[in-house]
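Worksheet: the structure to be examined is printed underneath.
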Amino acid sequence: MQFYKDKKVLALAGGVGGARLANGLAQHLAADELTIVVNTGDDFDYWGLMICPDLDTVTYTLAGINNPKTGWGLAGETHNCLQQIKNFDLPSWFQLGDKDLATHISRSFLLKEGFTLTEATAVMAEKLGIRHTVLPMYDLPYRTIAVTETDDLDFQTYFVKERWQPVLKAIRWEYEGDKKINPALQQALDEADLIIFCPSNPFVSIDPILSFPAVLDAVQAKPSAAVSPIIGGEAVKGPAAKMFPELTGKPASALSVAAYYQERGLLNAFIMDEQDEDQRTAVEALGLKVHTADSLMRATAGQARLAKIVLEFCRDLV
Ligand code: GDP
Ligand code: CA
């Protein structure tokens with residue numbers, strides 16, 4: 001199953017888009033050839049439990065137990081607990097399924113027992129049969145805050161409760177601890193021969209990971225490639241397209257994604273949808289090697305197909 005001989009790939013991922021490409025990469029790379037670092041800026045406390053939406057989306061997808069329709073949550077889910085909890089007037093704006101709850105209870109339990117989030121994630125991923133390493137970017141709370149025209153909202157309030165309608169002025173982070181890099185992530189960065197930015201939201205999925213100086217330094221120093229989450233000016237899902245004009249003053253496009261990363265000198269290569277072929281020259285002018293492909297990942301076969309294209313295109317970078 002070796003794609004590049006004795007080379008290691010580090011994938012940066014958020015939730016749905018991240019999970020899809022990560023799962024594709026996992027079809028082609030052995031356990032010691034791929035590490036996936038996941039955004040934890042979306043994590044929050046709910047009903048006294050620790051919820052990590054992006055970590056769960058990635059692990060459920062890698063384990064093949066995700067709900068393919070929503071992209072998040074588990075397949076065959078029921079919501080009996082949520083219905084019952086409404087009787088007690090607890091908040092019910094965040095949908096937690098019954099089986100999904102087992103994840104949040106187990107993780108919260110392990111954290112209370114003294115496991116770090118990295119350790120708890122590893123234990124649970126192994127139980128789900130996942131072979132590749134899935135790393136939370138940081139072990140302590142590191143919370144994305146949406147600075148809107150009227151309020152500063154915690155991420156899930158902005159994203160789920162307010163359905164990402166408030167206009168954003170900025171994104172910032174609030175964190176506990178000294179922001180010292182997760183040692184497991186530092187090791188993965190040191191060992192990586194290629195860093196792949198999954199087609200995740202640049203502002204609220206990838207930027208939280210890049211907000212650690214050691215990550216930024218490594219990405220600038222090592223070969224790296226990004227897959228565009230914007231296809232034909234639109235996001236496949238979620239607020240990425242709405243965020244481009246709000247946060248950068250530029251229209252949502254594959255070119256804007258490439259420029260947003262390349263302003264910080266982060267990339268060597270860029271993979272975008274064949275619909276965006278007309279932007280090739282402009283993206284190449286940013287100093288990037290460009291490849292276009294059908295970049296919509298429909299089901300597991302589509303994930304493996306795009307991942308193979310990405311790995312083949314990046315072969316001469318490693
Ligand atoms: P979230 O945490 O669930 O919002 O997940 P991510 O940040 O990882 O992914 C959201 C982004 O994934 C959106 O901007 C989508 O446009 C993108 N996305 C989702 N599915 C696909 C796909 O099949 N192909 C591409 N190119 N992008 C996708
Ligand atoms: Ca997310």
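Chain labels run A, B, ... following the order of the structure tokens; each chain numbers its residues from 1, and ligands are numbered from 1 in the order shown.
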What residues in region 162-301 of chain A get the DSSP label strand (DSSP E or B)? Please answer as a VMD selection string.
-> chain A and resid 168 to 175 194 to 197 224 to 227 230 to 231 234 to 235 269 to 273 289 to 293
Would you put the residues from that selection into a file with C-alpha atoms, as a PDB file, in the first residue's frame?
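Everything below was put into part_3.pdb:
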```pdb
ATOM      1  CA  LEU A 168     -18.159  38.441  10.799  1.00  0.00           C
ATOM      2  CA  LYS A 169     -15.600  41.140  11.504  1.00  0.00           C
ATOM      3  CA  ALA A 170     -12.834  38.809  12.653  1.00  0.00           C
ATOM      4  CA  ILE A 171     -12.001  35.430  14.139  1.00  0.00           C
ATOM      5  CA  ARG A 172      -9.981  35.173  17.333  1.00  0.00           C
ATOM      6  CA  TRP A 173      -9.087  32.472  19.859  1.00  0.00           C
ATOM      7  CA  GLU A 174      -9.308  32.177  23.625  1.00  0.00           C
ATOM      8  CA  TYR A 175      -7.274  29.456  25.228  1.00  0.00           C
ATOM      9  CA  LEU A 194       4.519  16.500   2.993  1.00  0.00           C
ATOM     10  CA  ILE A 195       1.760  18.569   4.592  1.00  0.00           C
ATOM     11  CA  ILE A 196      -1.684  18.455   2.994  1.00  0.00           C
ATOM     12  CA  PHE A 197      -4.342  21.058   3.765  1.00  0.00           C
ATOM     13  CA  SER A 224       2.807  21.492   1.288  1.00  0.00           C
ATOM     14  CA  ALA A 225      -0.295  21.391  -0.840  1.00  0.00           C
ATOM     15  CA  ALA A 226      -3.895  22.486  -0.344  1.00  0.00           C
ATOM     16  CA  VAL A 227      -7.164  21.275  -1.815  1.00  0.00           C
ATOM     17  CA  ILE A 230     -14.436  26.417  -2.728  1.00  0.00           C
ATOM     18  CA  ILE A 231     -15.781  25.013  -5.995  1.00  0.00           C
ATOM     19  CA  GLU A 234     -19.318  28.224  -3.563  1.00  0.00           C
ATOM     20  CA  ALA A 235     -18.695  26.080  -0.519  1.00  0.00           C
ATOM     21  CA  ALA A 269       0.931  23.159  -4.771  1.00  0.00           C
ATOM     22  CA  PHE A 270      -2.799  23.713  -5.110  1.00  0.00           C
ATOM     23  CA  ILE A 271      -5.530  21.352  -6.229  1.00  0.00           C
ATOM     24  CA  MET A 272      -8.810  22.927  -7.297  1.00  0.00           C
ATOM     25  CA  ASP A 273     -11.914  21.862  -9.142  1.00  0.00           C
ATOM     26  CA  LYS A 289       1.988  24.311  -9.057  1.00  0.00           C
ATOM     27  CA  VAL A 290      -1.682  23.810  -9.968  1.00  0.00           C
ATOM     28  CA  HIS A 291      -3.766  20.767 -10.730  1.00  0.00           C
ATOM     29  CA  THR A 292      -7.473  20.661 -11.532  1.00  0.00           C
ATOM     30  CA  ALA A 293      -9.737  17.678 -10.952  1.00  0.00           C
TER      31      ALA A 293
END
```
Pick out the residues no farther than 7 Å from ligand 1, counting only C-alpha atoms and all ligand atoms, and list them as a VMD selection string.
-> chain A and resid 13 to 20 54 199 to 201 204 to 205 227 to 231 234 to 240 273 295 to 298
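For the residues A:Tyr158, A:Tyr46, A:Tyr4, A:Phe313, ranking by smallest atom-to-atom distance to ligand 2 using only C-alpha atoms and all ligand atoms places A:Tyr158 first.
Among the candidate residues A:Pro251, A:Pro141, A:Gly64, A:Gly97, the one lying nearest to Thr78 (chain A) is A:Gly97, with distances computed using only C-alpha atoms.
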Please report, as number ranges by chain, each residue of region 160-262 of chain A to which DSSP assigns alpha helix (DSSP H) when run on this structure's backbone.
-> A: 183-191, 207-210, 213-221, 240-248, 254-262
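Across A:Leu153, A:Leu267, A:Val160, A:Ala63, the tightest approach to ligand 2 is made by A:Val160 when counting only C-alpha atoms and all ligand atoms.
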Who sits within 12 Å of Thr157 (chain A), only C-alpha atoms, same chain under 2 positions skipped, as a PDB file with all heavy atoms, in the first residue's frame:
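This is the output file out16.pdb:
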```
ATOM      1  N   ASP A  42     -13.567  24.289  17.641  1.00  0.00           N
ATOM      2  CA  ASP A  42     -15.034  24.173  17.719  1.00  0.00           C
ATOM      3  C   ASP A  42     -15.501  23.490  18.996  1.00  0.00           C
ATOM      4  O   ASP A  42     -16.706  23.370  19.222  1.00  0.00           O
ATOM      5  CB  ASP A  42     -15.578  23.260  16.600  1.00  0.00           C
ATOM      6  CG  ASP A  42     -15.305  23.749  15.200  1.00  0.00           C
ATOM      7  OD1 ASP A  42     -14.539  24.699  15.036  1.00  0.00           O
ATOM      8  OD2 ASP A  42     -15.879  23.160  14.274  1.00  0.00           O
ATOM      9  N   ASP A  43     -14.569  22.967  19.783  1.00  0.00           N
ATOM     10  CA  ASP A  43     -14.965  22.152  20.941  1.00  0.00           C
ATOM     11  C   ASP A  43     -15.684  23.006  21.982  1.00  0.00           C
ATOM     12  O   ASP A  43     -15.415  24.199  22.117  1.00  0.00           O
ATOM     13  CB  ASP A  43     -13.730  21.515  21.582  1.00  0.00           C
ATOM     14  CG  ASP A  43     -13.014  20.565  20.634  1.00  0.00           C
ATOM     15  OD1 ASP A  43     -13.425  20.471  19.460  1.00  0.00           O
ATOM     16  OD2 ASP A  43     -12.036  19.933  21.065  1.00  0.00           O
ATOM     17  N   PHE A  44     -16.562  22.377  22.731  1.00  0.00           N
ATOM     18  CA  PHE A  44     -17.307  23.130  23.745  1.00  0.00           C
ATOM     19  C   PHE A  44     -17.908  22.182  24.776  1.00  0.00           C
ATOM     20  O   PHE A  44     -17.960  20.963  24.567  1.00  0.00           O
ATOM     21  CB  PHE A  44     -18.388  23.997  23.092  1.00  0.00           C
ATOM     22  CG  PHE A  44     -19.524  23.247  22.449  1.00  0.00           C
ATOM     23  CD1 PHE A  44     -20.834  23.422  22.883  1.00  0.00           C
ATOM     24  CD2 PHE A  44     -19.292  22.374  21.398  1.00  0.00           C
ATOM     25  CE1 PHE A  44     -21.891  22.734  22.288  1.00  0.00           C
ATOM     26  CE2 PHE A  44     -20.337  21.687  20.795  1.00  0.00           C
ATOM     27  CZ  PHE A  44     -21.639  21.872  21.248  1.00  0.00           C
ATOM     28  N   ASP A  45     -18.321  22.778  25.874  1.00  0.00           N
ATOM     29  CA  ASP A  45     -18.983  22.014  26.932  1.00  0.00           C
ATOM     30  C   ASP A  45     -20.481  22.116  26.731  1.00  0.00           C
ATOM     31  O   ASP A  45     -21.002  23.211  26.487  1.00  0.00           O
ATOM     32  CB  ASP A  45     -18.635  22.593  28.309  1.00  0.00           C
ATOM     33  CG  ASP A  45     -17.158  22.438  28.609  1.00  0.00           C
ATOM     34  OD1 ASP A  45     -16.646  21.327  28.462  1.00  0.00           O
ATOM     35  OD2 ASP A  45     -16.530  23.456  28.957  1.00  0.00           O
ATOM     36  N   TYR A  46     -21.158  20.986  26.848  1.00  0.00           N
ATOM     37  CA  TYR A  46     -22.617  20.957  26.654  1.00  0.00           C
ATOM     38  C   TYR A  46     -23.156  19.863  27.554  1.00  0.00           C
ATOM     39  O   TYR A  46     -22.655  18.728  27.522  1.00  0.00           O
ATOM     40  CB  TYR A  46     -22.882  20.657  25.178  1.00  0.00           C
ATOM     41  CG  TYR A  46     -24.297  20.853  24.693  1.00  0.00           C
ATOM     42  CD1 TYR A  46     -24.831  22.138  24.543  1.00  0.00           C
ATOM     43  CD2 TYR A  46     -25.078  19.762  24.346  1.00  0.00           C
ATOM     44  CE1 TYR A  46     -26.110  22.314  24.044  1.00  0.00           C
ATOM     45  CE2 TYR A  46     -26.360  19.933  23.847  1.00  0.00           C
ATOM     46  CZ  TYR A  46     -26.880  21.217  23.700  1.00  0.00           C
ATOM     47  OH  TYR A  46     -28.141  21.388  23.199  1.00  0.00           O
ATOM     48  N   PRO A  91     -30.677  23.119  27.458  1.00  0.00           N
ATOM     49  CA  PRO A  91     -30.532  23.590  26.070  1.00  0.00           C
ATOM     50  C   PRO A  91     -30.649  22.413  25.099  1.00  0.00           C
ATOM     51  O   PRO A  91     -30.146  21.328  25.385  1.00  0.00           O
ATOM     52  CB  PRO A  91     -29.119  24.175  26.023  1.00  0.00           C
ATOM     53  CG  PRO A  91     -28.668  24.309  27.430  1.00  0.00           C
ATOM     54  CD  PRO A  91     -29.501  23.398  28.277  1.00  0.00           C
ATOM     55  N   TRP A  93     -30.468  23.122  21.463  1.00  0.00           N
ATOM     56  CA  TRP A  93     -30.153  23.625  20.123  1.00  0.00           C
ATOM     57  C   TRP A  93     -29.043  22.837  19.451  1.00  0.00           C
ATOM     58  O   TRP A  93     -28.912  22.870  18.232  1.00  0.00           O
ATOM     59  CB  TRP A  93     -29.810  25.119  20.154  1.00  0.00           C
ATOM     60  CG  TRP A  93     -28.718  25.494  21.123  1.00  0.00           C
ATOM     61  CD1 TRP A  93     -28.899  25.860  22.428  1.00  0.00           C
ATOM     62  CD2 TRP A  93     -27.305  25.524  20.893  1.00  0.00           C
ATOM     63  NE1 TRP A  93     -27.677  26.107  23.022  1.00  0.00           N
ATOM     64  CE2 TRP A  93     -26.679  25.922  22.102  1.00  0.00           C
ATOM     65  CE3 TRP A  93     -26.494  25.272  19.780  1.00  0.00           C
ATOM     66  CZ2 TRP A  93     -25.303  26.063  22.232  1.00  0.00           C
ATOM     67  CZ3 TRP A  93     -25.113  25.413  19.918  1.00  0.00           C
ATOM     68  CH2 TRP A  93     -24.537  25.810  21.129  1.00  0.00           C
ATOM     69  N   PHE A  94     -28.225  22.119  20.216  1.00  0.00           N
ATOM     70  CA  PHE A  94     -27.197  21.277  19.597  1.00  0.00           C
ATOM     71  C   PHE A  94     -27.697  19.841  19.620  1.00  0.00           C
ATOM     72  O   PHE A  94     -28.004  19.300  20.680  1.00  0.00           O
ATOM     73  CB  PHE A  94     -25.865  21.414  20.348  1.00  0.00           C
ATOM     74  CG  PHE A  94     -24.686  20.925  19.552  1.00  0.00           C
ATOM     75  CD1 PHE A  94     -24.054  21.750  18.629  1.00  0.00           C
ATOM     76  CD2 PHE A  94     -24.215  19.630  19.718  1.00  0.00           C
ATOM     77  CE1 PHE A  94     -22.969  21.301  17.883  1.00  0.00           C
ATOM     78  CE2 PHE A  94     -23.124  19.173  18.968  1.00  0.00           C
ATOM     79  CZ  PHE A  94     -22.508  20.014  18.060  1.00  0.00           C
ATOM     80  N   ARG A 143     -10.477  27.998  22.073  1.00  0.00           N
ATOM     81  CA  ARG A 143     -11.808  28.242  21.526  1.00  0.00           C
ATOM     82  C   ARG A 143     -11.862  29.333  20.467  1.00  0.00           C
ATOM     83  O   ARG A 143     -11.404  30.452  20.694  1.00  0.00           O
ATOM     84  CB  ARG A 143     -12.753  28.634  22.672  1.00  0.00           C
ATOM     85  CG  ARG A 143     -12.834  27.593  23.788  1.00  0.00           C
ATOM     86  CD  ARG A 143     -13.496  26.312  23.294  1.00  0.00           C
ATOM     87  NE  ARG A 143     -13.505  25.272  24.305  1.00  0.00           N
ATOM     88  CZ  ARG A 143     -12.795  24.142  24.250  1.00  0.00           C
ATOM     89  NH1 ARG A 143     -11.999  23.887  23.217  1.00  0.00           N
ATOM     90  NH2 ARG A 143     -12.885  23.247  25.211  1.00  0.00           N
ATOM     91  N   THR A 144     -12.451  28.978  19.345  1.00  0.00           N
ATOM     92  CA  THR A 144     -12.674  29.962  18.286  1.00  0.00           C
ATOM     93  C   THR A 144     -13.811  30.895  18.697  1.00  0.00           C
ATOM     94  O   THR A 144     -14.878  30.437  19.111  1.00  0.00           O
ATOM     95  CB  THR A 144     -13.043  29.232  16.975  1.00  0.00           C
ATOM     96  OG1 THR A 144     -11.920  28.431  16.582  1.00  0.00           O
ATOM     97  CG2 THR A 144     -13.382  30.222  15.867  1.00  0.00           C
ATOM     98  N   ILE A 145     -13.560  32.195  18.569  1.00  0.00           N
ATOM     99  CA  ILE A 145     -14.574  33.204  18.875  1.00  0.00           C
ATOM    100  C   ILE A 145     -14.893  33.955  17.583  1.00  0.00           C
ATOM    101  O   ILE A 145     -13.983  34.441  16.897  1.00  0.00           O
ATOM    102  CB  ILE A 145     -14.063  34.225  19.929  1.00  0.00           C
ATOM    103  CG1 ILE A 145     -13.523  33.514  21.184  1.00  0.00           C
ATOM    104  CG2 ILE A 145     -15.144  35.250  20.270  1.00  0.00           C
ATOM    105  CD1 ILE A 145     -14.551  32.843  22.050  1.00  0.00           C
ATOM    106  N   ALA A 146     -16.182  34.028  17.263  1.00  0.00           N
ATOM    107  CA  ALA A 146     -16.620  34.771  16.084  1.00  0.00           C
ATOM    108  C   ALA A 146     -16.908  36.208  16.518  1.00  0.00           C
ATOM    109  O   ALA A 146     -17.832  36.445  17.296  1.00  0.00           O
ATOM    110  CB  ALA A 146     -17.870  34.115  15.503  1.00  0.00           C
ATOM    111  N   VAL A 147     -16.090  37.124  16.006  1.00  0.00           N
ATOM    112  CA  VAL A 147     -16.307  38.545  16.315  1.00  0.00           C
ATOM    113  C   VAL A 147     -17.277  39.066  15.264  1.00  0.00           C
ATOM    114  O   VAL A 147     -16.930  39.160  14.084  1.00  0.00           O
ATOM    115  CB  VAL A 147     -14.967  39.320  16.271  1.00  0.00           C
ATOM    116  CG1 VAL A 147     -15.180  40.795  16.598  1.00  0.00           C
ATOM    117  CG2 VAL A 147     -13.949  38.684  17.213  1.00  0.00           C
ATOM    118  N   THR A 148     -18.503  39.346  15.672  1.00  0.00           N
ATOM    119  CA  THR A 148     -19.516  39.789  14.711  1.00  0.00           C
ATOM    120  C   THR A 148     -19.733  41.294  14.884  1.00  0.00           C
ATOM    121  O   THR A 148     -19.147  41.920  15.767  1.00  0.00           O
ATOM    122  CB  THR A 148     -20.863  39.057  14.915  1.00  0.00           C
ATOM    123  OG1 THR A 148     -21.511  39.596  16.073  1.00  0.00           O
ATOM    124  CG2 THR A 148     -20.660  37.561  15.091  1.00  0.00           C
ATOM    125  N   ASP A 151     -21.711  41.258  18.488  1.00  0.00           N
ATOM    126  CA  ASP A 151     -21.237  40.532  19.674  1.00  0.00           C
ATOM    127  C   ASP A 151     -20.009  39.703  19.346  1.00  0.00           C
ATOM    128  O   ASP A 151     -19.756  39.423  18.186  1.00  0.00           O
ATOM    129  CB  ASP A 151     -22.281  39.473  20.111  1.00  0.00           C
ATOM    130  CG  ASP A 151     -23.576  40.073  20.534  1.00  0.00           C
ATOM    131  OD1 ASP A 151     -23.584  40.819  21.505  1.00  0.00           O
ATOM    132  OD2 ASP A 151     -24.598  39.753  19.861  1.00  0.00           O
ATOM    133  N   ASP A 152     -19.350  39.244  20.401  1.00  0.00           N
ATOM    134  CA  ASP A 152     -18.352  38.187  20.259  1.00  0.00           C
ATOM    135  C   ASP A 152     -19.040  36.887  20.654  1.00  0.00           C
ATOM    136  O   ASP A 152     -19.479  36.751  21.796  1.00  0.00           O
ATOM    137  CB  ASP A 152     -17.161  38.434  21.192  1.00  0.00           C
ATOM    138  CG  ASP A 152     -16.258  39.531  20.648  1.00  0.00           C
ATOM    139  OD1 ASP A 152     -16.671  40.251  19.714  1.00  0.00           O
ATOM    140  OD2 ASP A 152     -15.141  39.672  21.181  1.00  0.00           O
ATOM    141  N   LEU A 153     -19.166  35.963  19.703  1.00  0.00           N
ATOM    142  CA  LEU A 153     -19.912  34.729  19.971  1.00  0.00           C
ATOM    143  C   LEU A 153     -18.967  33.540  20.041  1.00  0.00           C
ATOM    144  O   LEU A 153     -18.036  33.434  19.234  1.00  0.00           O
ATOM    145  CB  LEU A 153     -20.927  34.467  18.839  1.00  0.00           C
ATOM    146  CG  LEU A 153     -21.936  35.574  18.548  1.00  0.00           C
ATOM    147  CD1 LEU A 153     -22.766  35.207  17.308  1.00  0.00           C
ATOM    148  CD2 LEU A 153     -22.867  35.762  19.750  1.00  0.00           C
ATOM    149  N   ASP A 154     -19.224  32.639  20.991  1.00  0.00           N
ATOM    150  CA  ASP A 154     -18.448  31.396  20.958  1.00  0.00           C
ATOM    151  C   ASP A 154     -18.861  30.634  19.694  1.00  0.00           C
ATOM    152  O   ASP A 154     -19.957  30.830  19.164  1.00  0.00           O
ATOM    153  CB  ASP A 154     -18.638  30.574  22.236  1.00  0.00           C
ATOM    154  CG  ASP A 154     -20.021  30.021  22.353  1.00  0.00           C
ATOM    155  OD1 ASP A 154     -20.296  28.950  21.768  1.00  0.00           O
ATOM    156  OD2 ASP A 154     -20.859  30.670  23.001  1.00  0.00           O
ATOM    157  N   PHE A 155     -17.966  29.783  19.217  1.00  0.00           N
ATOM    158  CA  PHE A 155     -18.132  29.252  17.869  1.00  0.00           C
ATOM    159  C   PHE A 155     -19.462  28.530  17.642  1.00  0.00           C
ATOM    160  O   PHE A 155     -20.133  28.742  16.632  1.00  0.00           O
ATOM    161  CB  PHE A 155     -16.960  28.330  17.488  1.00  0.00           C
ATOM    162  CG  PHE A 155     -17.072  27.881  16.065  1.00  0.00           C
ATOM    163  CD1 PHE A 155     -16.783  28.758  15.035  1.00  0.00           C
ATOM    164  CD2 PHE A 155     -17.511  26.603  15.757  1.00  0.00           C
ATOM    165  CE1 PHE A 155     -16.926  28.373  13.705  1.00  0.00           C
ATOM    166  CE2 PHE A 155     -17.649  26.210  14.432  1.00  0.00           C
ATOM    167  CZ  PHE A 155     -17.356  27.096  13.412  1.00  0.00           C
ATOM    168  N   PHE A 159     -22.262  29.243  14.958  1.00  0.00           N
ATOM    169  CA  PHE A 159     -22.387  28.272  13.867  1.00  0.00           C
ATOM    170  C   PHE A 159     -23.729  27.536  13.883  1.00  0.00           C
ATOM    171  O   PHE A 159     -24.402  27.427  12.870  1.00  0.00           O
ATOM    172  CB  PHE A 159     -21.239  27.267  13.977  1.00  0.00           C
ATOM    173  CG  PHE A 159     -21.011  26.445  12.747  1.00  0.00           C
ATOM    174  CD1 PHE A 159     -20.337  26.979  11.662  1.00  0.00           C
ATOM    175  CD2 PHE A 159     -21.444  25.129  12.672  1.00  0.00           C
ATOM    176  CE1 PHE A 159     -20.102  26.225  10.520  1.00  0.00           C
ATOM    177  CE2 PHE A 159     -21.214  24.362  11.539  1.00  0.00           C
ATOM    178  CZ  PHE A 159     -20.552  24.917  10.459  1.00  0.00           C
ATOM    179  N   VAL A 160     -24.102  27.039  15.048  1.00  0.00           N
ATOM    180  CA  VAL A 160     -25.304  26.200  15.114  1.00  0.00           C
ATOM    181  C   VAL A 160     -26.520  27.025  15.553  1.00  0.00           C
ATOM    182  O   VAL A 160     -27.540  27.045  14.877  1.00  0.00           O
ATOM    183  CB  VAL A 160     -25.074  25.001  16.073  1.00  0.00           C
ATOM    184  CG1 VAL A 160     -26.341  24.146  16.182  1.00  0.00           C
ATOM    185  CG2 VAL A 160     -23.913  24.148  15.574  1.00  0.00           C
ATOM    186  N   LYS A 161     -26.377  27.726  16.680  1.00  0.00           N
ATOM    187  CA  LYS A 161     -27.535  28.462  17.205  1.00  0.00           C
ATOM    188  C   LYS A 161     -27.945  29.598  16.266  1.00  0.00           C
ATOM    189  O   LYS A 161     -29.109  29.768  15.947  1.00  0.00           O
ATOM    190  CB  LYS A 161     -27.187  29.009  18.591  1.00  0.00           C
ATOM    191  CG  LYS A 161     -28.383  29.151  19.503  1.00  0.00           C
ATOM    192  CD  LYS A 161     -27.915  29.502  20.914  1.00  0.00           C
ATOM    193  CE  LYS A 161     -29.070  29.747  21.829  1.00  0.00           C
ATOM    194  NZ  LYS A 161     -28.588  30.168  23.156  1.00  0.00           N
ATOM    195  N   GLU A 162     -26.962  30.367  15.803  1.00  0.00           N
ATOM    196  CA  GLU A 162     -27.256  31.515  14.919  1.00  0.00           C
ATOM    197  C   GLU A 162     -27.148  31.134  13.432  1.00  0.00           C
ATOM    198  O   GLU A 162     -27.251  32.002  12.564  1.00  0.00           O
ATOM    199  CB  GLU A 162     -26.293  32.677  15.216  1.00  0.00           C
ATOM    200  CG  GLU A 162     -26.291  33.175  16.660  1.00  0.00           C
ATOM    201  CD  GLU A 162     -27.522  34.001  17.014  1.00  0.00           C
ATOM    202  OE1 GLU A 162     -28.175  34.532  16.090  1.00  0.00           O
ATOM    203  OE2 GLU A 162     -27.836  34.093  18.214  1.00  0.00           O
ATOM    204  N   ARG A 163     -26.921  29.838  13.165  1.00  0.00           N
ATOM    205  CA  ARG A 163     -26.850  29.327  11.781  1.00  0.00           C
ATOM    206  C   ARG A 163     -25.957  30.171  10.874  1.00  0.00           C
ATOM    207  O   ARG A 163     -26.307  30.517   9.753  1.00  0.00           O
ATOM    208  CB  ARG A 163     -28.245  29.206  11.170  1.00  0.00           C
ATOM    209  CG  ARG A 163     -29.091  28.197  11.889  1.00  0.00           C
ATOM    210  CD  ARG A 163     -30.546  28.234  11.461  1.00  0.00           C
ATOM    211  NE  ARG A 163     -31.375  27.581  12.444  1.00  0.00           N
ATOM    212  CZ  ARG A 163     -31.594  26.263  12.527  1.00  0.00           C
ATOM    213  NH1 ARG A 163     -31.048  25.461  11.647  1.00  0.00           N
ATOM    214  NH2 ARG A 163     -32.358  25.763  13.459  1.00  0.00           N
ATOM    215  N   TRP A 164     -24.825  30.588  11.379  1.00  0.00           N
ATOM    216  CA  TRP A 164     -23.790  31.417  10.732  1.00  0.00           C
ATOM    217  C   TRP A 164     -24.325  32.613   9.944  1.00  0.00           C
ATOM    218  O   TRP A 164     -23.712  33.078   8.990  1.00  0.00           O
ATOM    219  CB  TRP A 164     -22.775  30.602   9.944  1.00  0.00           C
ATOM    220  CG  TRP A 164     -23.238  29.440   9.092  1.00  0.00           C
ATOM    221  CD1 TRP A 164     -23.417  28.150   9.486  1.00  0.00           C
ATOM    222  CD2 TRP A 164     -23.540  29.446   7.678  1.00  0.00           C
ATOM    223  NE1 TRP A 164     -23.806  27.362   8.429  1.00  0.00           N
ATOM    224  CE2 TRP A 164     -23.895  28.125   7.310  1.00  0.00           C
ATOM    225  CE3 TRP A 164     -23.539  30.430   6.692  1.00  0.00           C
ATOM    226  CZ2 TRP A 164     -24.244  27.763   6.012  1.00  0.00           C
ATOM    227  CZ3 TRP A 164     -23.894  30.071   5.390  1.00  0.00           C
ATOM    228  CH2 TRP A 164     -24.241  28.762   5.072  1.00  0.00           C
ATOM    229  N   GLN A 165     -25.420  33.183  10.431  1.00  0.00           N
ATOM    230  CA  GLN A 165     -25.964  34.362   9.748  1.00  0.00           C
ATOM    231  C   GLN A 165     -25.319  35.688  10.157  1.00  0.00           C
ATOM    232  O   GLN A 165     -25.210  36.603   9.325  1.00  0.00           O
ATOM    233  CB  GLN A 165     -27.500  34.407   9.928  1.00  0.00           C
ATOM    234  CG  GLN A 165     -28.210  33.288   9.171  1.00  0.00           C
ATOM    235  CD  GLN A 165     -27.694  33.134   7.739  1.00  0.00           C
ATOM    236  OE1 GLN A 165     -27.750  34.067   6.945  1.00  0.00           O
ATOM    237  NE2 GLN A 165     -27.141  31.955   7.413  1.00  0.00           N
ATOM    238  N   PRO A 166     -24.868  35.861  11.427  1.00  0.00           N
ATOM    239  CA  PRO A 166     -24.240  37.144  11.761  1.00  0.00           C
ATOM    240  C   PRO A 166     -23.031  37.436  10.865  1.00  0.00           C
ATOM    241  O   PRO A 166     -22.308  36.522  10.472  1.00  0.00           O
ATOM    242  CB  PRO A 166     -23.779  36.947  13.219  1.00  0.00           C
ATOM    243  CG  PRO A 166     -24.668  35.877  13.756  1.00  0.00           C
ATOM    244  CD  PRO A 166     -24.938  34.958  12.593  1.00  0.00           C
TER     245      PRO A 166
END
```
